[in-house]
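Shown next: coords-v7.pdb, given as PDB, C-alpha atoms and all ligand atoms.
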```pdb
ATOM      1  CA  MET A   1       2.357   5.230   3.169  1.00  0.00           C
ATOM      2  CA  TRP A   2       0.873   4.651   6.579  1.00  0.00           C
ATOM      3  CA  THR A   3       3.639   4.096   9.147  1.00  0.00           C
ATOM      4  CA  PRO A   4       1.662   3.490  12.341  1.00  0.00           C
ATOM      5  CA  ALA A   5       2.908   4.929  15.602  1.00  0.00           C
ATOM      6  CA  ARG A   6       0.824   2.499  17.679  1.00  0.00           C
ATOM      7  CA  ILE A   7       0.144  -1.226  17.125  1.00  0.00           C
ATOM      8  CA  GLU A   8      -2.075  -3.032  19.622  1.00  0.00           C
ATOM      9  CA  SER A   9      -4.571  -5.869  19.902  1.00  0.00           C
ATOM     10  CA  ARG A  10      -7.834  -6.289  21.757  1.00  0.00           C
ATOM     11  CA  SER A  11     -10.452  -8.933  22.431  1.00  0.00           C
ATOM     12  CA  THR A  12     -14.015  -8.232  21.424  1.00  0.00           C
ATOM     13  CA  THR A  13     -17.220 -10.199  20.936  1.00  0.00           C
ATOM     14  CA  LEU A  14     -18.904 -10.451  17.551  1.00  0.00           C
ATOM     15  CA  ASP A  15     -22.515 -11.485  17.065  1.00  0.00           C
ATOM     16  CA  LEU A  16     -22.421 -14.344  14.534  1.00  0.00           C
ATOM     17  CA  SER A  17     -26.019 -15.395  15.088  1.00  0.00           C
ATOM     18  CA  ALA A  18     -26.797 -14.687  11.408  1.00  0.00           C
ATOM     19  CA  SER A  19     -24.620 -17.734  10.628  1.00  0.00           C
ATOM     20  CA  ASP A  20     -25.906 -19.746  13.642  1.00  0.00           C
ATOM     21  CA  GLN A  21     -22.611 -19.372  15.515  1.00  0.00           C
ATOM     22  CA  GLY A  22     -23.945 -17.179  18.326  1.00  0.00           C
ATOM     23  CA  LEU A  23     -21.558 -14.847  20.115  1.00  0.00           C
ATOM     24  CA  ARG A  24     -17.853 -15.364  19.457  1.00  0.00           C
ATOM     25  CA  LYS A  25     -14.844 -13.789  21.101  1.00  0.00           C
ATOM     26  CA  VAL A  26     -12.225 -12.637  18.569  1.00  0.00           C
ATOM     27  CA  ARG A  27      -8.894 -10.837  18.696  1.00  0.00           C
ATOM     28  CA  GLN A  28      -8.418  -7.771  16.553  1.00  0.00           C
ATOM     29  CA  VAL A  29      -5.302  -5.805  15.605  1.00  0.00           C
ATOM     30  CA  LEU A  30      -5.412  -2.025  15.538  1.00  0.00           C
ATOM     31  CA  CYS A  31      -2.933   0.444  14.085  1.00  0.00           C
ATOM     32  CA  ASP A  32      -3.262   3.993  15.429  1.00  0.00           C
ATOM     33  CA  GLY A  33      -6.710   3.016  16.725  1.00  0.00           C
ATOM     34  CA  VAL A  34      -7.959   1.689  13.345  1.00  0.00           C
ATOM     35  CA  VAL A  35      -8.958  -2.005  13.170  1.00  0.00           C
ATOM     36  CA  VAL A  36      -6.799  -3.499  10.402  1.00  0.00           C
ATOM     37  CA  CYS A  37      -7.530  -7.200  11.135  1.00  0.00           C
ATOM     38  CA  ASN A  38     -11.029  -7.758  12.504  1.00  0.00           C
ATOM     39  CA  ALA A  39     -10.549 -11.428  13.540  1.00  0.00           C
ATOM     40  CA  VAL A  40      -6.914 -12.510  13.477  1.00  0.00           C
ATOM     41  CA  ASP A  41      -7.532 -16.145  14.426  1.00  0.00           C
ATOM     42  CA  ALA A  42      -9.898 -16.633  11.475  1.00  0.00           C
ATOM     43  CA  ILE A  43      -7.440 -15.375   8.825  1.00  0.00           C
ATOM     44  CA  ASP A  44      -6.524 -18.023   6.255  1.00  0.00           C
ATOM     45  CA  TRP A  45      -2.883 -17.179   5.490  1.00  0.00           C
ATOM     46  CA  ALA A  46      -2.751 -19.749   2.679  1.00  0.00           C
ATOM     47  CA  ASP A  47      -5.598 -18.100   0.726  1.00  0.00           C
ATOM     48  CA  LEU A  48      -3.826 -15.506  -1.452  1.00  0.00           C
ATOM     49  CA  PRO A  49      -4.250 -12.571  -1.538  1.00  0.00           C
ATOM     50  CA  VAL A  50      -4.803 -12.901   2.223  1.00  0.00           C
ATOM     51  CA  GLN A  51      -8.136 -11.561   3.478  1.00  0.00           C
ATOM     52  CA  TRP A  52      -7.466  -9.333   6.497  1.00  0.00           C
ATOM     53  CA  GLU A  53     -10.980  -7.925   6.714  1.00  0.00           C
ATOM     54  CA  LEU A  54     -13.433 -10.814   7.138  1.00  0.00           C
ATOM     55  CA  CYS A  55     -17.222 -11.017   6.920  1.00  0.00           C
ATOM     56  CA  GLU A  56     -18.480 -10.110  10.403  1.00  0.00           C
ATOM     57  CA  ALA A  57     -21.562 -12.331  10.022  1.00  0.00           C
ATOM     58  CA  CYS A  58     -19.608 -15.602   9.706  1.00  0.00           C
ATOM     59  CA  LEU A  59     -15.811 -14.902   9.704  1.00  0.00           C
ATOM     60  CA  CYS A  60     -15.416 -17.270   6.718  1.00  0.00           C
ATOM     61  CA  PRO A  61     -12.579 -16.177   4.395  1.00  0.00           C
ATOM     62  CA  GLY A  62     -13.991 -15.444   0.951  1.00  0.00           C
ATOM     63  CA  CYS A  63     -17.604 -14.910   2.121  1.00  0.00           C
ATOM     64  CA  VAL A  64     -17.470 -11.253   1.122  1.00  0.00           C
ATOM     65  CA  PRO A  65     -15.338  -9.758  -1.662  1.00  0.00           C
ATOM     66  CA  GLY A  66     -12.404  -7.463  -0.906  1.00  0.00           C
ATOM     67  CA  GLY A  67     -10.507  -6.928   2.320  1.00  0.00           C
ATOM     68  CA  ARG A  68      -7.467  -8.583   0.730  1.00  0.00           C
ATOM     69  CA  VAL A  69      -3.812  -7.613   0.993  1.00  0.00           C
ATOM     70  CA  ALA A  70      -0.425  -8.646  -0.346  1.00  0.00           C
ATOM     71  CA  LEU A  71       2.556  -8.869   2.044  1.00  0.00           C
ATOM     72  CA  ARG A  72       5.889  -7.820   0.606  1.00  0.00           C
ATOM     73  CA  ARG A  73       9.191  -6.691   2.040  1.00  0.00           C
ATOM     74  CA  THR A  74      11.835  -4.139   1.165  1.00  0.00           C
ATOM     75  CA  ASP A  75      15.380  -4.072   2.574  1.00  0.00           C
ATOM     76  CA  SER A  76      14.072  -2.499   5.757  1.00  0.00           C
ATOM     77  CA  HIS A  77      10.278  -2.738   5.924  1.00  0.00           C
ATOM     78  CA  VAL A  78       7.258  -5.012   5.550  1.00  0.00           C
ATOM     79  CA  LEU A  79       4.645  -3.545   3.222  1.00  0.00           C
ATOM     80  CA  ILE A  80       0.937  -4.350   3.342  1.00  0.00           C
ATOM     81  CA  LEU A  81      -0.420  -3.296  -0.013  1.00  0.00           C
ATOM     82  CA  PRO A  82      -3.102  -4.169  -2.572  1.00  0.00           C
ATOM     83  CA  ASP A  83      -2.362  -7.300  -4.627  1.00  0.00           C
ATOM     84  CA  PHE A  84      -2.134  -5.358  -7.871  1.00  0.00           C
ATOM     85  CA  THR A  85      -1.359  -8.415  -9.999  1.00  0.00           C
ATOM     86  CA  ALA A  86      -4.405 -10.328  -8.736  1.00  0.00           C
ATOM     87  CA  MET A  87      -6.643  -7.258  -9.076  1.00  0.00           C
ATOM     88  CA  SER A  88      -5.649  -6.611 -12.673  1.00  0.00           C
ATOM     89  CA  GLN A  89      -6.719 -10.061 -13.952  1.00  0.00           C
ATOM     90  CA  SER A  90     -10.396  -9.233 -14.642  1.00  0.00           C
ATOM     91  CA  ASP A  91     -13.299  -6.992 -13.641  1.00  0.00           C
ATOM     92  CA  TRP A  92     -14.376  -9.715 -11.171  1.00  0.00           C
ATOM     93  CA  ALA A  93     -10.876  -9.915  -9.676  1.00  0.00           C
ATOM     94  CA  LEU A  94     -10.747  -6.140  -9.258  1.00  0.00           C
ATOM     95  CA  ILE A  95     -13.647  -6.383  -6.771  1.00  0.00           C
ATOM     96  CA  GLU A  96     -12.864  -9.803  -5.297  1.00  0.00           C
ATOM     97  CA  HIS A  97      -9.220  -8.937  -4.539  1.00  0.00           C
ATOM     98  CA  ALA A  98      -9.754  -5.304  -3.589  1.00  0.00           C
ATOM     99  CA  PRO A  99      -7.916  -4.024  -0.483  1.00  0.00           C
ATOM    100  CA  PRO A 100      -9.655  -3.340   2.863  1.00  0.00           C
ATOM    101  CA  GLY A 101     -11.624  -0.135   3.245  1.00  0.00           C
ATOM    102  CA  TRP A 102      -9.055   1.361   5.614  1.00  0.00           C
ATOM    103  CA  MET A 103      -6.412   1.302   2.898  1.00  0.00           C
ATOM    104  CA  ALA A 104      -8.286   3.879   0.829  1.00  0.00           C
ATOM    105  CA  SER A 105      -8.274   6.389   3.679  1.00  0.00           C
ATOM    106  CA  GLN A 106      -5.070   5.475   5.558  1.00  0.00           C
ATOM    107  CA  GLY A 107      -2.869   4.208   2.722  1.00  0.00           C
ATOM    108  CA  ALA A 108      -0.849   1.026   2.353  1.00  0.00           C
ATOM    109  CA  LEU A 109       0.869  -0.020   5.599  1.00  0.00           C
ATOM    110  CA  SER A 110       4.584   0.090   6.218  1.00  0.00           C
ATOM    111  CA  PHE A 111       6.114  -1.697   9.221  1.00  0.00           C
ATOM    112  CA  SER A 112       9.723  -1.426  10.333  1.00  0.00           C
ATOM    113  CA  GLN A 113      11.236  -4.794  11.258  1.00  0.00           C
ATOM    114  CA  ALA A 114      10.662  -4.016  14.947  1.00  0.00           C
ATOM    115  CA  ASP A 115       7.046  -3.027  14.233  1.00  0.00           C
ATOM    116  CA  TRP A 116       6.538  -6.245  12.285  1.00  0.00           C
ATOM    117  CA  LYS A 117       7.647  -8.212  15.370  1.00  0.00           C
ATOM    118  CA  THR A 118       5.086  -6.278  17.410  1.00  0.00           C
ATOM    119  CA  PHE A 119       2.446  -6.999  14.780  1.00  0.00           C
ATOM    120  CA  ARG A 120       3.294 -10.707  14.788  1.00  0.00           C
ATOM    121  CA  THR A 121       2.922 -10.808  18.559  1.00  0.00           C
ATOM    122  CA  ALA A 122      -0.635  -9.548  18.125  1.00  0.00           C
ATOM    123  CA  CYS A 123      -1.279 -11.671  15.031  1.00  0.00           C
ATOM    124  CA  ASP A 124       0.589 -14.930  15.545  1.00  0.00           C
ATOM    125  CA  GLY A 125      -0.403 -16.540  12.224  1.00  0.00           C
ATOM    126  CA  ALA A 126       1.422 -13.807  10.290  1.00  0.00           C
ATOM    127  CA  PRO A 127       4.587 -14.945   8.493  1.00  0.00           C
ATOM    128  CA  TYR A 128       8.121 -14.347   9.721  1.00  0.00           C
ATOM    129  CA  LEU A 129      10.022 -11.584   7.964  1.00  0.00           C
ATOM    130  CA  ASP A 130      12.246 -14.057   6.090  1.00  0.00           C
ATOM    131  CA  ASP A 131       9.196 -15.845   4.659  1.00  0.00           C
ATOM    132  CA  ILE A 132       7.773 -12.685   3.064  1.00  0.00           C
ATOM    133  CA  ALA A 133       8.439 -12.239  -0.658  1.00  0.00           C
ATOM    134  CA  PRO A 134      10.387  -9.151  -1.770  1.00  0.00           C
ATOM    135  CA  ALA A 135       8.383  -6.504  -3.627  1.00  0.00           C
ATOM    136  CA  SER A 136       8.951  -6.570  -7.385  1.00  0.00           C
ATOM    137  CA  THR A 137       9.820  -3.438  -9.344  1.00  0.00           C
ATOM    138  CA  ALA A 138       6.352  -3.467 -10.941  1.00  0.00           C
ATOM    139  CA  GLU A 139       4.735  -3.691  -7.483  1.00  0.00           C
ATOM    140  CA  LEU A 140       6.742  -0.713  -6.190  1.00  0.00           C
ATOM    141  CA  LEU A 141       5.663   1.335  -9.198  1.00  0.00           C
ATOM    142  CA  ARG A 142       2.028   0.223  -8.799  1.00  0.00           C
ATOM    143  CA  LEU A 143       2.261   1.302  -5.155  1.00  0.00           C
ATOM    144  CA  TYR A 144       3.641   4.656  -6.295  1.00  0.00           C
ATOM    145  CA  HIS A 145       0.637   4.989  -8.627  1.00  0.00           C
ATOM    146  CA  PHE A 146      -1.724   3.929  -5.798  1.00  0.00           C
ATOM    147  CA  GLN A 147      -0.343   6.804  -3.697  1.00  0.00           C
ATOM    148  CA  ALA A 148      -0.811   9.420  -6.407  1.00  0.00           C
ATOM    149  CA  PRO A 149      -3.716  11.845  -5.807  1.00  0.00           C
ATOM    150  CA  ARG A 150      -6.963  10.219  -7.042  1.00  0.00           C
ATOM    151  CA  ALA A 151      -7.843  13.323  -9.083  1.00  0.00           C
ATOM    152  CA  PHE A 152      -4.581  12.881 -11.009  1.00  0.00           C
ATOM    153  CA  LEU A 153      -4.907   9.106 -11.455  1.00  0.00           C
ATOM    154  CA  PRO A 154      -8.527   7.951 -11.014  1.00  0.00           C
ATOM    155  CA  ASP A 155      -7.629   4.287 -11.736  1.00  0.00           C
ATOM    156  CA  CYS A 156      -4.324   3.305 -10.140  1.00  0.00           C
ATOM    157  CA  LEU A 157      -4.032   0.269 -12.455  1.00  0.00           C
ATOM    158  CA  SER A 158      -4.116   2.516 -15.550  1.00  0.00           C
ATOM    159  CA  PRO A 159      -1.094   4.829 -15.158  1.00  0.00           C
ATOM    160  CA  THR A 160      -1.221   5.916 -18.803  1.00  0.00           C
ATOM    161  CA  LEU A 161      -4.586   7.608 -18.085  1.00  0.00           C
ATOM    162  CA  ALA A 162      -3.036  10.110 -15.651  1.00  0.00           C
ATOM    163  CA  ARG A 163      -4.393  13.661 -15.923  1.00  0.00           C
ATOM    164  CA  TRP A 164      -1.154  15.555 -16.594  1.00  0.00           C
ATOM    165  CA  GLU A 165      -3.055  18.788 -17.250  1.00  0.00           C
ATOM    166  CA  LEU A 166      -3.759  19.066 -13.480  1.00  0.00           C
ATOM    167  CA  ILE A 167      -0.078  19.573 -12.602  1.00  0.00           C
ATOM    168  CA  LEU A 168       0.634  23.287 -12.240  1.00  0.00           C
ATOM    169  CA  CYS A 169       4.355  23.001 -11.502  1.00  0.00           C
ATOM    170  CA  THR A 170       6.916  21.289  -9.317  1.00  0.00           C
ATOM    171  CA  ASN A 171       9.289  22.846  -6.792  1.00  0.00           C
ATOM    172  CA  GLY A 172      12.370  21.197  -8.310  1.00  0.00           C
ATOM    173  CA  HIS A 173      15.152  23.156 -10.062  1.00  0.00           C
ATOM    174  CA  ASP A 174      13.629  22.349 -13.458  1.00  0.00           C
ATOM    175  CA  SER A 175       9.885  21.541 -13.592  1.00  0.00           C
ATOM    176  CA  ALA A 176      10.103  20.352 -17.199  1.00  0.00           C
ATOM    177  CA  ALA A 177      12.812  17.819 -16.292  1.00  0.00           C
ATOM    178  CA  ASP A 178      10.795  16.709 -13.243  1.00  0.00           C
ATOM    179  CA  LEU A 179       7.789  16.042 -15.450  1.00  0.00           C
ATOM    180  CA  VAL A 180       9.889  14.009 -17.892  1.00  0.00           C
ATOM    181  CA  HIS A 181      11.034  11.873 -14.985  1.00  0.00           C
ATOM    182  CA  LEU A 182       7.536  11.569 -13.549  1.00  0.00           C
ATOM    183  CA  LYS A 183       6.080  10.553 -16.919  1.00  0.00           C
ATOM    184  CA  ARG A 184       8.608   7.744 -17.115  1.00  0.00           C
ATOM    185  CA  LEU A 185       7.324   6.482 -13.739  1.00  0.00           C
ATOM    186  CA  PHE A 186       3.797   6.433 -15.128  1.00  0.00           C
ATOM    187  CA  SER A 187       4.643   4.313 -18.172  1.00  0.00           C
ATOM    188  CA  ASP A 188       4.029   0.552 -18.209  1.00  0.00           C
ATOM    189  CA  PRO A 189       5.356  -0.826 -14.851  1.00  0.00           C
ATOM    190  CA  SER A 190       6.269  -4.152 -16.442  1.00  0.00           C
ATOM    191  CA  ALA A 191       8.788  -2.377 -18.713  1.00  0.00           C
ATOM    192  CA  PHE A 192      11.341  -1.929 -15.896  1.00  0.00           C
ATOM    193  CA  ASP A 193      13.586  -4.741 -14.873  1.00  0.00           C
ATOM    194  CA  GLY A 194      15.027  -3.843 -11.520  1.00  0.00           C
ATOM    195  CA  HIS A 195      15.362  -1.410  -8.644  1.00  0.00           C
ATOM    196  CA  ASP A 196      17.597  -0.653  -5.705  1.00  0.00           C
ATOM    197  CA  PHE A 197      16.449   0.735  -2.373  1.00  0.00           C
ATOM    198  CA  CYS A 198      18.400   3.822  -1.409  1.00  0.00           C
ATOM    199  CA  LEU A 199      18.492   6.921   0.752  1.00  0.00           C
ATOM    200  CA  PRO A 200      18.231  10.372  -0.819  1.00  0.00           C
ATOM    201  CA  ALA A 201      21.414  12.447  -0.650  1.00  0.00           C
ATOM    202  CA  LEU A 202      21.563  14.555   2.530  1.00  0.00           C
ATOM    203  CA  GLU A 203      21.823  17.811   0.587  1.00  0.00           C
ATOM    204  CA  SER A 204      18.757  16.993  -1.544  1.00  0.00           C
ATOM    205  CA  HIS A 205      15.162  17.959  -0.798  1.00  0.00           C
ATOM    206  CA  THR A 206      11.874  16.328  -1.689  1.00  0.00           C
ATOM    207  CA  VAL A 207      10.442  17.565  -4.988  1.00  0.00           C
ATOM    208  CA  SER A 208       6.656  17.956  -4.940  1.00  0.00           C
ATOM    209  CA  ALA A 209       4.133  18.490  -7.720  1.00  0.00           C
ATOM    210  CA  PHE A 210       1.333  20.980  -7.160  1.00  0.00           C
ATOM    211  CA  LEU A 211      -2.051  20.035  -8.538  1.00  0.00           C
ATOM    212  CA  ASP A 212      -4.821  22.339  -9.666  1.00  0.00           C
ATOM    213  CA  VAL A 213      -7.714  20.710  -7.801  1.00  0.00           C
ATOM    214  CA  LEU A 214     -10.305  22.287  -5.454  1.00  0.00           C
ATOM    215  CA  SER A 215      -7.561  23.625  -3.237  1.00  0.00           C
ATOM    216  CA  ILE A 216      -4.008  23.314  -4.561  1.00  0.00           C
ATOM    217  CA  GLU A 217      -2.695  19.910  -3.509  1.00  0.00           C
ATOM    218  CA  GLU A 218       0.969  19.127  -2.861  1.00  0.00           C
ATOM    219  CA  TRP A 219       2.168  15.666  -3.906  1.00  0.00           C
ATOM    220  CA  PRO A 220       5.705  14.641  -2.803  1.00  0.00           C
ATOM    221  CA  LEU A 221       7.425  12.815  -5.678  1.00  0.00           C
ATOM    222  CA  PHE A 222      11.152  12.155  -5.400  1.00  0.00           C
ATOM    223  CA  SER A 223      14.462  13.648  -4.303  1.00  0.00           C
ATOM    224  CA  SER A 224      15.993  16.665  -6.042  1.00  0.00           C
ATOM    225  CA  GLU A 225      19.034  14.738  -7.298  1.00  0.00           C
ATOM    226  CA  PRO A 226      19.857  14.447 -11.029  1.00  0.00           C
ATOM    227  CA  GLU A 227      18.968  10.739 -10.724  1.00  0.00           C
ATOM    228  CA  PRO A 228      16.096  11.092  -8.221  1.00  0.00           C
ATOM    229  CA  ALA A 229      15.371   8.690  -5.386  1.00  0.00           C
ATOM    230  CA  ILE A 230      11.708   7.770  -5.856  1.00  0.00           C
ATOM    231  CA  ARG A 231       9.769   8.386  -2.650  1.00  0.00           C
ATOM    232  CA  LEU A 232       7.278   5.889  -1.204  1.00  0.00           C
ATOM    233  CA  SER A 233       7.537   7.339   2.317  1.00  0.00           C
ATOM    234  CA  ASP A 234      10.015   9.334   4.385  1.00  0.00           C
ATOM    235  CA  GLU A 235      11.785   6.025   5.087  1.00  0.00           C
ATOM    236  CA  ILE A 236      11.474   4.150   1.777  1.00  0.00           C
ATOM    237  CA  HIS A 237      13.052   5.311  -1.483  1.00  0.00           C
ATOM    238  CA  PHE A 238      14.239   3.412  -4.549  1.00  0.00           C
ATOM    239  CA  ARG A 239      15.924   3.982  -7.875  1.00  0.00           C
ATOM    240  CA  LEU A 240      15.076   2.173 -11.088  1.00  0.00           C
ATOM    241  CA  ARG A 241      17.882   0.337 -12.826  1.00  0.00           C
ATOM    242  CA  THR A 242      18.496   1.581 -16.330  1.00  0.00           C
TER     243      THR A 242
HETATM  244 ZN    ZN A 301     -20.213 -14.267   5.827  1.00  0.00          ZN
END
```

Re-express the file's structure as C-alpha cells.
Ligand SMILES: [Zn+2]
Amino acid sequence: MWTPARIESRSTTLDLSASDQGLRKVRQVLCDGVVVCNAVDAIDWADLPVQWELCEACLCPGCVPGGRVALRRTDSHVLILPDFTAMSQSDWALIEHAPPGWMASQGALSFSQADWKTFRTACDGAPYLDDIAPASTAELLRLYHFQAPRAFLPDCLSPTLARWELILCTNGHDSAADLVHLKRLFSDPSAFDGHDFCLPALESHTVSAFLDVLSIEEWPLFSSEPEPAIRLSDEIHFRLRT
C-alpha cells in the first residue's frame, strides 16, 4: 500500500474554457508530490464510489469514467481503494468505477488517523473517521489480490485465474505449506466470514514469494507464524476467522 510521507494542498488554475467556464481556481491535494484529488471543492461525496479524479474540462462528477475510490477504515487506518464491489457488477461498471490512474502506479492509499486529519484539513468535504465504513473481509482480500504482482494475477477481480506456475519458491520454513495458505487467500473472497486486525509476532519474519518474471520479483505475503498474519502493508495485517 501507499503510505504517504507528505500530504499537502495547493491552489492552481484550470482552463475550463472548453465547457464555457473560463479560468477557474481550484484546490488540489497531493501525496508525496502526486496529485490525488485534482479539484477538491468539486468532489461530490454523495456520488458513490466517490470520484476523486475529475474531468479537467468541466469538473463535473461523472463526466469522464473512472477516477473513483472507496473509503474504508481498519482499526488504525483509513484506506482509499478501488470499489471492487461496484467494479465487478458489469463490463460497463469495470470502466465507469475504475480507480484513478495514480492507484495503478502508487497503490491504494493508507492514512494513519493523524494523516487522515491532515488530509481532511486539505480536503474539508472528506468524511470524519467515525463516518467511514469498516472494510469487509471480502474487500481486504480483494485489496490483497489488487496488490499481487500483475504478472501473477492479470485481473485482480478473478483470483482463481492466478498464474501459480510463476512462483519459484517462498522463503518460509515450508514453501509447500506457504503455497497452501496462499491458495486459500486466492479462493472466492465471499467465502470468508470475518477477520481480525493483528500484529505479526515479534519473532516472526515476512514470508515472500519469488516470481519467475523478467527479473525475479519478490512479493511479500504474510508472517512466518503457523497461522500467518496476512500483510497489506508494514502497518496493516489481518487474520481470517475460521
Ligand atoms: Zn467534462

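Closest approach to Glu217 in chain A from the set A:Arg150, A:His97, A:Arg68, A:Arg6 is made by A:Arg150, with distances taken over all atoms listed in the file.
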
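Selection of all polymer residues within 6 Å of ligand ZN 301 (chain A) on the basis of all atoms listed in the file gives Cys55, Ala57, Cys58, Leu59, Cys60 and Cys63 of chain A.
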
Grab the residues selected above and save them as an mmCIF file, in the frame of the given file with C-alpha atoms.
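Result went into again-v3.cif, see below:
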```
data_model
loop_
_atom_site.group_PDB
_atom_site.id
_atom_site.type_symbol
_atom_site.label_atom_id
_atom_site.label_comp_id
_atom_site.auth_asym_id
_atom_site.auth_seq_id
_atom_site.Cartn_x
_atom_site.Cartn_y
_atom_site.Cartn_z
ATOM 1 C CA CYS A 55 -17.222 -11.017 6.920
ATOM 2 C CA ALA A 57 -21.562 -12.331 10.022
ATOM 3 C CA CYS A 58 -19.608 -15.602 9.706
ATOM 4 C CA LEU A 59 -15.811 -14.902 9.704
ATOM 5 C CA CYS A 60 -15.416 -17.270 6.718
ATOM 6 C CA CYS A 63 -17.604 -14.910 2.121
#
```

I'd like the box whose edges run along x, y and z of the file and which contains every listed atom of range 231-234 of chain A, padded by 6 Å per side; could you state its centre and edge lengths in Å, one decimal, as lines of an AutoDock Vina configuration file?
```
center_x = 8.6
center_y = 7.6
center_z = 0.9
size_x = 14.7
size_y = 15.4
size_z = 19.0
```

Q. So what does the PyMOL selection byres (((chain A and resi 17-33) around 7) and not hetatm) actually pick up in this one, as a VMD selection string?
A. chain A and resid 4 to 16 34 to 41 57 to 58 122

Q: Within 7 Å of Arg72 in chain A, counting all atoms listed in the file, which residues show up once you throw out same-chain ones fewer than 5 positions away? Write them as a VMD selection string, please.
A: chain A and resid 78 to 80 132 to 135

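Residue membership of the PyMOL selection byres (((chain A and resi 130) around 12) and not hetatm) in the shown file amounts to A:Leu71, A:Arg72, A:Arg73, A:Thr74, A:Asp75, A:Ser76, A:His77, A:Val78, A:Gln113, A:Trp116, A:Lys117, A:Ala126, A:Pro127, A:Tyr128, A:Leu129, A:Asp131, A:Ile132, A:Ala133, A:Pro134.
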
Q | Minimum-distance residue to Phe152 in chain A, chosen among A:Met103, A:Ala114, A:Ala138, A:Ala209 (using only C-alpha atoms) | A | A:Ala209

Please build the interface table for range 134-204 of chain A against range 233-238 of chain A with a cut-off of 7 Å, listing for each qualifying residue the nearest atom pair and the distance in Å to one decimal; count only C-alpha atoms, order rows by chain and increasing number, and write it as JSON lines.
```
{"residue": "A:His195", "atom": "CA", "partner": "A:Phe238", "partner_atom": "CA", "distance": 6.4}
{"residue": "A:Asp196", "atom": "CA", "partner": "A:Phe238", "partner_atom": "CA", "distance": 5.4}
{"residue": "A:Phe197", "atom": "CA", "partner": "A:Phe238", "partner_atom": "CA", "distance": 4.1}
{"residue": "A:Cys198", "atom": "CA", "partner": "A:Phe238", "partner_atom": "CA", "distance": 5.2}
{"residue": "A:Leu199", "atom": "CA", "partner": "A:His237", "partner_atom": "CA", "distance": 6.1}
```

Q.
Measuring between only C-alpha atoms, which one of A:Trp219, A:Ser187, A:Glu139, A:Cys123 shows the shortest distance to Cys169 in chain A?
A. A:Trp219

(Q) Give me, as a VMD selection string, all polymer residues having an atom no more than 12 Å from Ser175 in chain A, counting only C-alpha atoms and skipping those fewer than 6 positions away in the same chain. (A) chain A and resid 167 to 169 181 to 182 207 to 210 224

Q) What does the PyMOL selection byres (((chain A and resi 83-93) around 12) and not hetatm) select in this file, as a PyMOL selection string? A) chain A and resi 48-51+65-72+79-82+94-100+108+135-136+138-146+155-158+189-190

Q) If you measure from CA of His173 in chain A to CA of Asp193 in chain A, what distance in Å do you get, rounded to one decimal? A) 28.4 Å

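Taking CA of Leu211 in chain A and CA of Val180 in chain A as the two end points, the separation is 16.3 Å.
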
Q.
Within 9 Å of (15.7, 13.5, -8.8) in the file's own coordinates, which protein, DNA or RNA residues have an atom, counting only C-alpha atoms? List them as a PyMOL selection string.
A. chain A and resi 172+178+181+200+204+206-207+221-230

Q: Determine the nearest neighbour of Gly107 in chain A from the options A:Met1, A:Ala201, A:Leu232, A:Ala151, counting all atoms listed in the file.
A: A:Met1

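Minimum atom-to-atom distances from A:Arg120, A:Arg184, A:Arg231, A:Arg239 to His205 in chain A were compared using only C-alpha atoms, and the lowest value belongs to A:Arg231.
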
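With distances taken over all atoms listed in the file, A:Trp52 is the one residue among A:Lys183, A:Trp52, A:Gln106, A:Asp212 lying closest to Val64 in chain A.
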
Please supply range 26-37 of chain A, rebuilt with N, CA and C atoms, as a tab-separated table (two decimals), in the coordinates of the input.
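File written: selection.tsv
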```
chain	number	residue	atom	x	y	z
A	26	VAL	N	-13.29	-12.69	19.58
A	26	VAL	CA	-12.22	-12.64	18.57
A	26	VAL	C	-11.16	-11.65	19.04
A	27	ARG	N	-9.96	-11.81	18.47
A	27	ARG	CA	-8.89	-10.84	18.70
A	27	ARG	C	-8.76	-9.98	17.45
A	28	GLN	N	-8.58	-8.71	17.67
A	28	GLN	CA	-8.42	-7.77	16.55
A	28	GLN	C	-7.10	-7.03	16.70
A	29	VAL	N	-6.52	-6.62	15.57
A	29	VAL	CA	-5.30	-5.80	15.60
A	29	VAL	C	-5.65	-4.40	15.13
A	30	LEU	N	-5.16	-3.43	15.87
A	30	LEU	CA	-5.41	-2.02	15.54
A	30	LEU	C	-4.09	-1.30	15.31
A	31	CYS	N	-4.08	-0.44	14.32
A	31	CYS	CA	-2.93	0.44	14.08
A	31	CYS	C	-3.45	1.88	14.26
A	32	ASP	N	-2.82	2.62	15.14
A	32	ASP	CA	-3.26	3.99	15.43
A	32	ASP	C	-4.77	4.05	15.69
A	33	GLY	N	-5.30	3.03	16.36
A	33	GLY	CA	-6.71	3.02	16.73
A	33	GLY	C	-7.66	2.51	15.65
A	34	VAL	N	-7.12	2.19	14.45
A	34	VAL	CA	-7.96	1.69	13.34
A	34	VAL	C	-7.85	0.16	13.30
A	35	VAL	N	-8.98	-0.54	13.25
A	35	VAL	CA	-8.96	-2.00	13.17
A	35	VAL	C	-8.47	-2.40	11.77
A	36	VAL	N	-7.31	-3.07	11.71
A	36	VAL	CA	-6.80	-3.50	10.40
A	36	VAL	C	-7.05	-4.99	10.16
A	37	CYS	N	-7.14	-5.78	11.23
A	37	CYS	CA	-7.53	-7.20	11.14
A	37	CYS	C	-8.68	-7.38	12.11
```
